[in-house]
file entry.txt (compact mmCIF, C-alpha atoms)
# COMPACT_ATOMS: atom_id res chain seq x y z
CA MET A 1 124.24 147.39 -10.82
CA ILE A 2 127.98 146.68 -10.51
CA LYS A 3 128.87 144.33 -7.66
CA LYS A 4 131.54 145.70 -5.35
CA SER A 5 134.95 144.07 -5.18
CA VAL A 6 137.50 144.09 -2.39
CA LEU A 7 141.25 143.73 -2.92
CA ILE A 8 143.01 141.85 -0.13
CA ILE A 9 146.82 141.95 -0.17
CA GLY A 10 148.06 138.95 1.81
CA ALA A 11 144.80 137.03 1.76
CA SER A 12 146.31 133.63 2.50
CA SER A 13 147.10 134.52 6.13
CA ASP A 14 144.67 133.47 8.87
CA ILE A 15 143.42 137.04 9.23
CA GLY A 16 143.36 137.56 5.46
CA LYS A 17 141.23 134.46 4.86
CA THR A 18 138.71 135.51 7.49
CA ILE A 19 138.53 139.01 6.01
CA ALA A 20 137.86 137.44 2.59
CA LYS A 21 135.17 135.22 4.09
CA THR A 22 133.45 138.18 5.76
CA PHE A 23 133.35 140.21 2.54
CA ALA A 24 132.28 137.22 0.41
CA GLU A 25 129.38 136.55 2.78
CA ASN A 26 128.36 140.17 2.24
CA ASN A 27 128.24 139.77 -1.54
CA TYR A 28 131.63 141.24 -2.47
CA ASN A 29 133.73 139.81 -5.27
CA ILE A 30 137.15 138.92 -3.89
CA ILE A 31 140.50 139.84 -5.41
CA ALA A 32 143.12 138.07 -3.34
CA THR A 33 146.90 138.07 -3.41
CA TYR A 34 149.29 135.64 -1.76
CA ASN A 35 152.96 134.73 -1.80
CA THR A 36 154.08 131.66 0.13
CA ASN A 37 150.76 129.92 0.79
CA ASN A 38 147.72 129.59 -1.51
CA CYS A 39 144.16 130.86 -1.74
CA ASN A 40 142.34 127.57 -2.35
CA GLU A 41 140.08 128.08 0.68
CA ILE A 42 139.12 131.52 -0.58
CA ILE A 43 138.22 130.14 -4.01
CA GLU A 44 135.94 127.56 -2.39
CA MET A 45 134.25 130.07 -0.08
CA CYS A 46 133.64 132.40 -3.05
CA LYS A 47 131.97 129.55 -4.94
CA LYS A 48 129.85 128.82 -1.88
CA ASN A 49 128.73 132.46 -1.67
CA ASN A 50 128.25 132.85 -5.43
CA VAL A 51 130.80 135.64 -5.81
CA GLU A 52 133.79 135.90 -8.12
CA ALA A 53 137.37 135.24 -7.06
CA GLN A 54 140.52 136.54 -8.72
CA ILE A 55 143.80 135.21 -7.33
CA TYR A 56 147.26 136.67 -7.91
CA LYS A 57 150.71 135.77 -6.57
CA ILE A 58 152.72 138.81 -5.47
CA ASP A 59 156.08 138.96 -3.71
CA LEU A 60 156.10 142.20 -1.70
CA LYS A 61 159.90 142.20 -1.70
CA ASN A 62 159.79 142.88 -5.46
CA SER A 63 158.59 146.41 -6.21
CA ASN A 64 158.39 145.81 -9.97
CA GLU A 65 156.22 142.76 -9.41
CA ILE A 66 153.92 144.68 -7.06
CA GLU A 67 153.39 147.40 -9.66
CA GLU A 68 152.93 144.97 -12.55
CA LYS A 69 150.44 142.72 -10.73
CA LEU A 70 148.41 145.54 -9.20
CA ASN A 71 148.14 147.29 -12.55
CA THR A 72 146.90 144.00 -14.03
CA ILE A 73 144.35 143.67 -11.22
CA PHE A 74 143.00 147.17 -11.79
CA ALA A 75 142.86 146.66 -15.56
CA ASN A 76 140.82 143.46 -15.08
CA SER A 77 138.43 144.84 -12.46
CA SER A 78 135.40 147.03 -13.10
CA TYR A 79 135.00 148.47 -9.60
CA ILE A 80 137.16 147.98 -6.50
CA ASP A 81 135.47 149.52 -3.48
CA CYS A 82 138.11 148.80 -0.87
CA ALA A 83 141.73 147.65 -0.60
CA ILE A 84 143.06 145.91 2.50
CA CYS A 85 146.79 145.48 3.06
CA CYS A 86 147.28 142.66 5.55
CA ALA A 87 150.38 140.95 4.19
CA GLY A 88 153.14 140.63 6.73
CA LEU A 89 156.13 138.69 7.97
CA SER A 90 156.72 137.68 11.58
CA LEU A 91 159.96 136.04 12.66
CA LYS A 92 161.32 134.49 15.86
CA GLU A 93 161.65 136.93 18.76
CA VAL A 94 165.24 138.06 19.20
CA LEU A 95 167.18 140.94 20.72
CA LEU A 96 167.88 143.61 18.10
CA CYS A 97 171.62 143.30 18.70
CA ASP A 98 171.39 139.62 17.70
CA GLU A 99 169.14 140.10 14.63
CA THR A 100 170.62 139.33 11.22
CA ILE A 101 170.80 141.94 8.47
CA GLU A 102 168.95 139.51 6.18
CA ASN A 103 166.02 139.29 8.60
CA ILE A 104 165.98 143.06 9.10
CA ASN A 105 165.84 143.61 5.34
CA ASN A 106 163.07 141.03 4.87
CA LEU A 107 160.95 142.51 7.64
CA ILE A 108 161.34 146.05 6.30
CA ASN A 109 160.78 145.06 2.67
CA ILE A 110 157.60 143.09 3.33
CA ASN A 111 156.05 144.81 6.36
CA PHE A 112 156.81 148.40 5.46
CA ARG A 113 158.34 149.09 2.04
CA GLY A 114 155.99 146.68 0.27
CA ILE A 115 152.96 148.16 2.03
CA ILE A 116 154.02 151.69 1.05
CA ILE A 117 154.27 150.66 -2.61
CA CYS A 118 150.88 148.94 -2.45
CA ASN A 119 149.31 152.08 -0.94
CA LYS A 120 150.96 154.23 -3.62
CA ILE A 121 149.55 152.22 -6.52
CA ILE A 122 146.15 151.64 -4.92
CA SER A 123 145.71 155.34 -4.13
CA LYS A 124 146.49 156.27 -7.75
CA TYR A 125 143.71 153.92 -8.90
CA PHE A 126 141.22 155.24 -6.35
CA LEU A 127 141.99 158.83 -7.39
CA LYS A 128 141.11 157.95 -10.99
CA GLN A 129 138.02 156.10 -9.80
CA LYS A 130 137.08 159.03 -7.52
CA HIS A 131 136.13 156.62 -4.75
CA GLY A 132 137.58 153.95 -2.50
CA ASN A 133 139.08 153.32 0.88
CA ILE A 134 142.25 151.70 2.12
CA ILE A 135 142.62 149.70 5.32
CA ASN A 136 146.11 148.76 6.48
CA ILE A 137 146.73 146.08 9.10
CA SER A 138 149.24 147.30 11.67
CA SER A 139 149.74 145.82 15.16
CA ILE A 140 149.58 146.73 18.81
CA TYR A 141 153.40 146.55 18.62
CA GLY A 142 153.29 149.47 16.19
CA ILE A 143 151.69 151.57 18.93
CA TYR A 144 153.34 150.36 22.14
CA GLY A 145 156.35 148.41 20.87
CA GLY A 146 157.29 144.84 21.64
CA ALA A 147 160.42 143.57 23.36
CA CYS A 148 162.52 141.39 21.03
CA GLU A 149 160.30 142.57 18.16
CA SER A 150 162.09 145.86 17.46
CA VAL A 151 162.17 145.72 13.67
CA TYR A 152 158.64 144.33 13.38
CA SER A 153 157.40 147.04 15.77
CA ALA A 154 159.19 149.75 13.82
CA CYS A 155 157.63 148.57 10.56
CA LYS A 156 154.13 148.45 12.04
CA ALA A 157 154.65 151.92 13.52
CA GLY A 158 155.64 153.05 10.05
CA VAL A 159 152.37 151.67 8.68
CA ILE A 160 150.53 153.84 11.21
CA GLY A 161 152.43 156.93 10.07
CA LEU A 162 151.73 156.03 6.45
CA THR A 163 148.02 155.61 7.18
CA LYS A 164 147.67 158.95 8.96
CA SER A 165 149.60 160.85 6.29
CA LEU A 166 147.86 159.24 3.31
CA ALA A 167 144.46 159.86 4.90
CA GLN A 168 145.24 163.59 4.86
CA GLU A 169 146.42 163.43 1.24
CA LEU A 170 143.36 161.60 -0.04
CA SER A 171 140.58 163.02 2.14
CA PRO A 172 139.93 166.00 -0.22
CA PHE A 173 138.99 163.41 -2.85
CA GLY A 174 136.60 161.48 -0.61
CA ILE A 175 138.98 158.53 -0.19
CA ARG A 176 139.36 157.18 3.33
CA VAL A 177 142.45 155.52 4.81
CA ASN A 178 142.43 153.74 8.17
CA ALA A 179 144.35 151.02 9.97
CA VAL A 180 143.53 148.19 12.34
CA ALA A 181 146.02 147.28 15.06
CA PRO A 182 145.33 143.75 16.38
CA GLY A 183 146.64 142.46 19.68
CA PHE A 184 147.18 138.74 20.19
CA ILE A 185 144.87 136.90 17.82
CA GLN A 186 144.41 133.13 17.65
CA THR A 187 146.34 132.25 14.49
CA LYS A 188 149.03 129.73 13.54
CA MET A 189 151.55 131.94 15.33
CA THR A 190 149.78 131.88 18.69
CA LYS A 191 149.24 128.11 18.44
CA ASN A 192 152.97 127.80 19.07
CA PHE A 193 152.63 129.43 22.50
CA ASN A 194 152.67 127.11 25.48
CA GLU A 195 149.94 127.28 28.11
CA GLU A 196 151.99 129.48 30.45
CA GLU A 197 152.64 132.01 27.68
CA LYS A 198 148.94 132.08 26.76
CA LYS A 199 148.01 132.56 30.43
CA GLN A 200 150.36 135.55 30.72
CA ILE A 201 148.84 137.14 27.61
CA ILE A 202 145.27 136.58 28.84
CA ASP A 203 146.15 137.93 32.31
CA ARG A 204 147.35 141.17 30.68
CA THR A 205 144.21 141.45 28.53
CA PRO A 206 141.27 143.17 30.29
CA LEU A 207 138.71 141.07 28.37
CA LYS A 208 140.56 137.93 29.55
CA ARG A 209 140.80 136.07 26.26
CA LEU A 210 142.79 135.94 23.06
CA GLY A 211 141.22 137.61 20.07
CA ASN A 212 140.02 135.66 17.06
CA THR A 213 140.32 136.45 13.38
CA GLU A 214 136.62 137.32 13.22
CA ASP A 215 137.24 140.16 15.69
CA VAL A 216 139.68 141.70 13.22
CA ALA A 217 137.64 140.94 10.10
CA ASN A 218 134.47 142.48 11.54
CA THR A 219 136.35 145.66 12.39
CA VAL A 220 137.81 145.81 8.89
CA PHE A 221 134.39 145.29 7.33
CA PHE A 222 132.93 148.10 9.45
CA LEU A 223 135.68 150.49 8.34
CA ALA A 224 135.01 149.56 4.72
CA SER A 225 131.28 150.20 5.05
CA ASP A 226 129.25 153.38 4.66
CA LYS A 227 128.65 153.22 8.42
CA ALA A 228 132.24 154.43 8.80
CA SER A 229 131.91 157.18 6.18
CA PHE A 230 133.14 159.88 8.61
CA ILE A 231 136.16 157.90 9.83
CA THR A 232 139.58 158.40 8.27
CA GLY A 233 143.16 158.54 9.52
CA GLU A 234 142.25 156.39 12.53
CA ILE A 235 144.05 153.43 14.07
CA ILE A 236 141.50 151.04 15.55
CA GLU A 237 142.96 148.74 18.21
CA VAL A 238 141.50 145.22 18.41
CA THR A 239 143.31 144.11 21.54
CA GLY A 240 140.75 143.25 24.19
CA GLY A 241 141.84 146.43 25.99
CA ALA A 242 145.50 145.44 26.35
CA ILE A 243 148.25 148.02 25.92
CA ARG A 244 151.21 145.67 26.39
CA PHE A 245 152.06 141.98 26.46

call {"tool": "encode", "arguments": {"input": "entry.txt", "output": "structure tokens"}}
result
Amino acid sequence: MIKKSVLIIGASSDIGKTIAKTFAENNYNIIATYNTNNCNEIIEMCKKNNVEAQIYKIDLKNSNEIEEKLNTIFANSSYIDCAICCAGLSLKEVLLCDETIENINNLININFRGIIICNKIISKYFLKQKHGNIINISSIYGIYGGACESVYSACKAGVIGLTKSLAQELSPFGIRVNAVAPGFIQTKMTKNFNEEEKKQIIDRTPLKRLGNTEDVANTVFFLASDKASFITGEIIEVTGGAIRF
């Protein structure tokens, strides 16, 4: 019996590492990509759970590198059951009129263009394999928008459109495509919030707490499982009930 593998694009993020941990604990081999950080924690957790780990460095701003590395991954892997695209860039909040062209280009290239290219190459592999499912990580800002996060919100909204369209393309072949849209999750980013900012967020969240990375990872794992076999083209919000912050 071939052990399932999961491909996680952007696995070195807080959410990415928790997703890897969840799958490793459920006996999946982990194929992880990173860019600016590293995947040392993922390697250790894979050893602990007696599953394999493959680690690749990919810069999502470089389309040729994405194609080259993903083709290498697929050539070296016997069976990839699921691909999760959770790589992303978040920058300091700023009015759109004050945003730099460099920042705009970086946000678009990593959060949208890079994710499109990943989905393109992954879907080609799954079509040949005749099985698989893709889960993209969007954001609540992609649904409702975020003040001073115009470009980020636009990119995450684009990921939602990509997910819904690709789900229709691939559904005749039994390949599912869904997205998860987290709200405010306790990560390195939210650690920079002061107590007043955290209070405002919690006050606007019906469940009266920040989310944690496990909340997102558990949702992703459900979507990847056979229990979600009749779910495709959906955007699952993990926001504690909030619709704005």

call {"tool": "residues_around", "arguments": {"input": "entry.txt", "residues": "A:Cys46", "least_positions_apart": "2", "cutoff": "12 Å", "atoms": "only C-alpha atoms", "output": "list in words"}}
result
Ser5, Lys17, Ala20, Lys21, Thr22, Phe23, Ala24, Glu25, Asn26, Asn27, Tyr28, Asn29, Ile30, Ile31, Ala32, Cys39, Asn40, Glu41, Ile42, Ile43, Glu44, Lys48, Asn49, Asn50, Val51, Glu52, Ala53, Gln54 and Ile55 of chain A

call {"tool": "atom_distance", "arguments": {"input": "entry.txt", "atom1": "atom CA of A:Glu102", "atom2": "atom CA of A:Leu7"}}
result
29.5 Å

call {"tool": "closest_residue", "arguments": {"input": "entry.txt", "among": "A:Glu68, A:Glu149, A:Glu234, A:Glu93", "to": "A:Val177", "atoms": "all atoms listed in the file"}}
result
A:Glu234

call {"tool": "closest_residue", "arguments": {"input": "entry.txt", "among": "A:Gly132, A:Gly183, A:Gly161, A:Gly114", "to": "A:Gly146", "atoms": "all atoms listed in the file"}}
result
A:Gly183

call {"tool": "residues_around", "arguments": {"input": "entry.txt", "residues": "stretch 212-227 of chain A", "least_positions_apart": "3", "cutoff": "10 Å", "atoms": "only C-alpha atoms", "output": "CSV table (one decimal) with C-alpha atoms, in the frame of the given file"}}
result
chain,number,residue,atom,x,y,z
A,6,VAL,CA,137.5,144.1,-2.4
A,14,ASP,CA,144.7,133.5,8.9
A,15,ILE,CA,143.4,137.0,9.2
A,16,GLY,CA,143.4,137.6,5.5
A,17,LYS,CA,141.2,134.5,4.9
A,18,THR,CA,138.7,135.5,7.5
A,19,ILE,CA,138.5,139.0,6.0
A,20,ALA,CA,137.9,137.4,2.6
A,21,LYS,CA,135.2,135.2,4.1
A,22,THR,CA,133.4,138.2,5.8
A,23,PHE,CA,133.4,140.2,2.5
A,26,ASN,CA,128.4,140.2,2.2
A,81,ASP,CA,135.5,149.5,-3.5
A,82,CYS,CA,138.1,148.8,-0.9
A,83,ALA,CA,141.7,147.6,-0.6
A,84,ILE,CA,143.1,145.9,2.5
A,132,GLY,CA,137.6,154.0,-2.5
A,133,ASN,CA,139.1,153.3,0.9
A,134,ILE,CA,142.2,151.7,2.1
A,135,ILE,CA,142.6,149.7,5.3
A,136,ASN,CA,146.1,148.8,6.5
A,137,ILE,CA,146.7,146.1,9.1
A,176,ARG,CA,139.4,157.2,3.3
A,177,VAL,CA,142.4,155.5,4.8
A,178,ASN,CA,142.4,153.7,8.2
A,179,ALA,CA,144.4,151.0,10.0
A,180,VAL,CA,143.5,148.2,12.3
A,181,ALA,CA,146.0,147.3,15.1
A,182,PRO,CA,145.3,143.8,16.4
A,183,GLY,CA,146.6,142.5,19.7
A,184,PHE,CA,147.2,138.7,20.2
A,185,ILE,CA,144.9,136.9,17.8
A,186,GLN,CA,144.4,133.1,17.6
A,187,THR,CA,146.3,132.2,14.5
A,209,ARG,CA,140.8,136.1,26.3
A,230,PHE,CA,133.1,159.9,8.6
A,231,ILE,CA,136.2,157.9,9.8
A,232,THR,CA,139.6,158.4,8.3
A,234,GLU,CA,142.2,156.4,12.5
A,236,ILE,CA,141.5,151.0,15.6
A,237,GLU,CA,143.0,148.7,18.2
A,238,VAL,CA,141.5,145.2,18.4
A,239,THR,CA,143.3,144.1,21.5
A,240,GLY,CA,140.8,143.2,24.2

call {"tool": "atom_distance", "arguments": {"input": "entry.txt", "atom1": "atom CA of A:Ala11", "atom2": "atom CA of A:Ser229"}}
result
24.3 Å

call {"tool": "closest_residue", "arguments": {"input": "entry.txt", "among": "A:Phe112, A:Tyr56, A:Tyr144, A:Phe74", "to": "A:Asn35", "atoms": "all atoms listed in the file"}}
result
A:Tyr56

call {"tool": "atom_distance", "arguments": {"input": "entry.txt", "atom1": "atom CA of A:Cys155", "atom2": "atom CA of A:Arg113"}}
result
8.6 Å

call {"tool": "residues_around", "arguments": {"input": "entry.txt", "residues": "A:Lys57", "least_positions_apart": "2", "cutoff": "12 Å", "atoms": "all atoms listed in the file", "output": "PyMOL selection string"}}
result
chain A and resi 8-12+31-39+54-55+59-60+62+65-66+68-70+72-73+87

call {"tool": "residues_around", "arguments": {"input": "entry.txt", "residues": "A:Gly174", "least_positions_apart": "3", "cutoff": "8 Å", "atoms": "only C-alpha atoms", "output": "ChimeraX atom specification"}}
result
/A:130-132,170-171

call {"tool": "axis_aligned_box", "arguments": {"input": "entry.txt", "around": "stretch 157-163 of chain A", "padding_each_side": "6 Å", "output": "JSON"}}
result
{"center_x": 151.8, "center_y": 154.3, "center_z": 10.0, "size_x": 19.6, "size_y": 17.3, "size_z": 19.1}
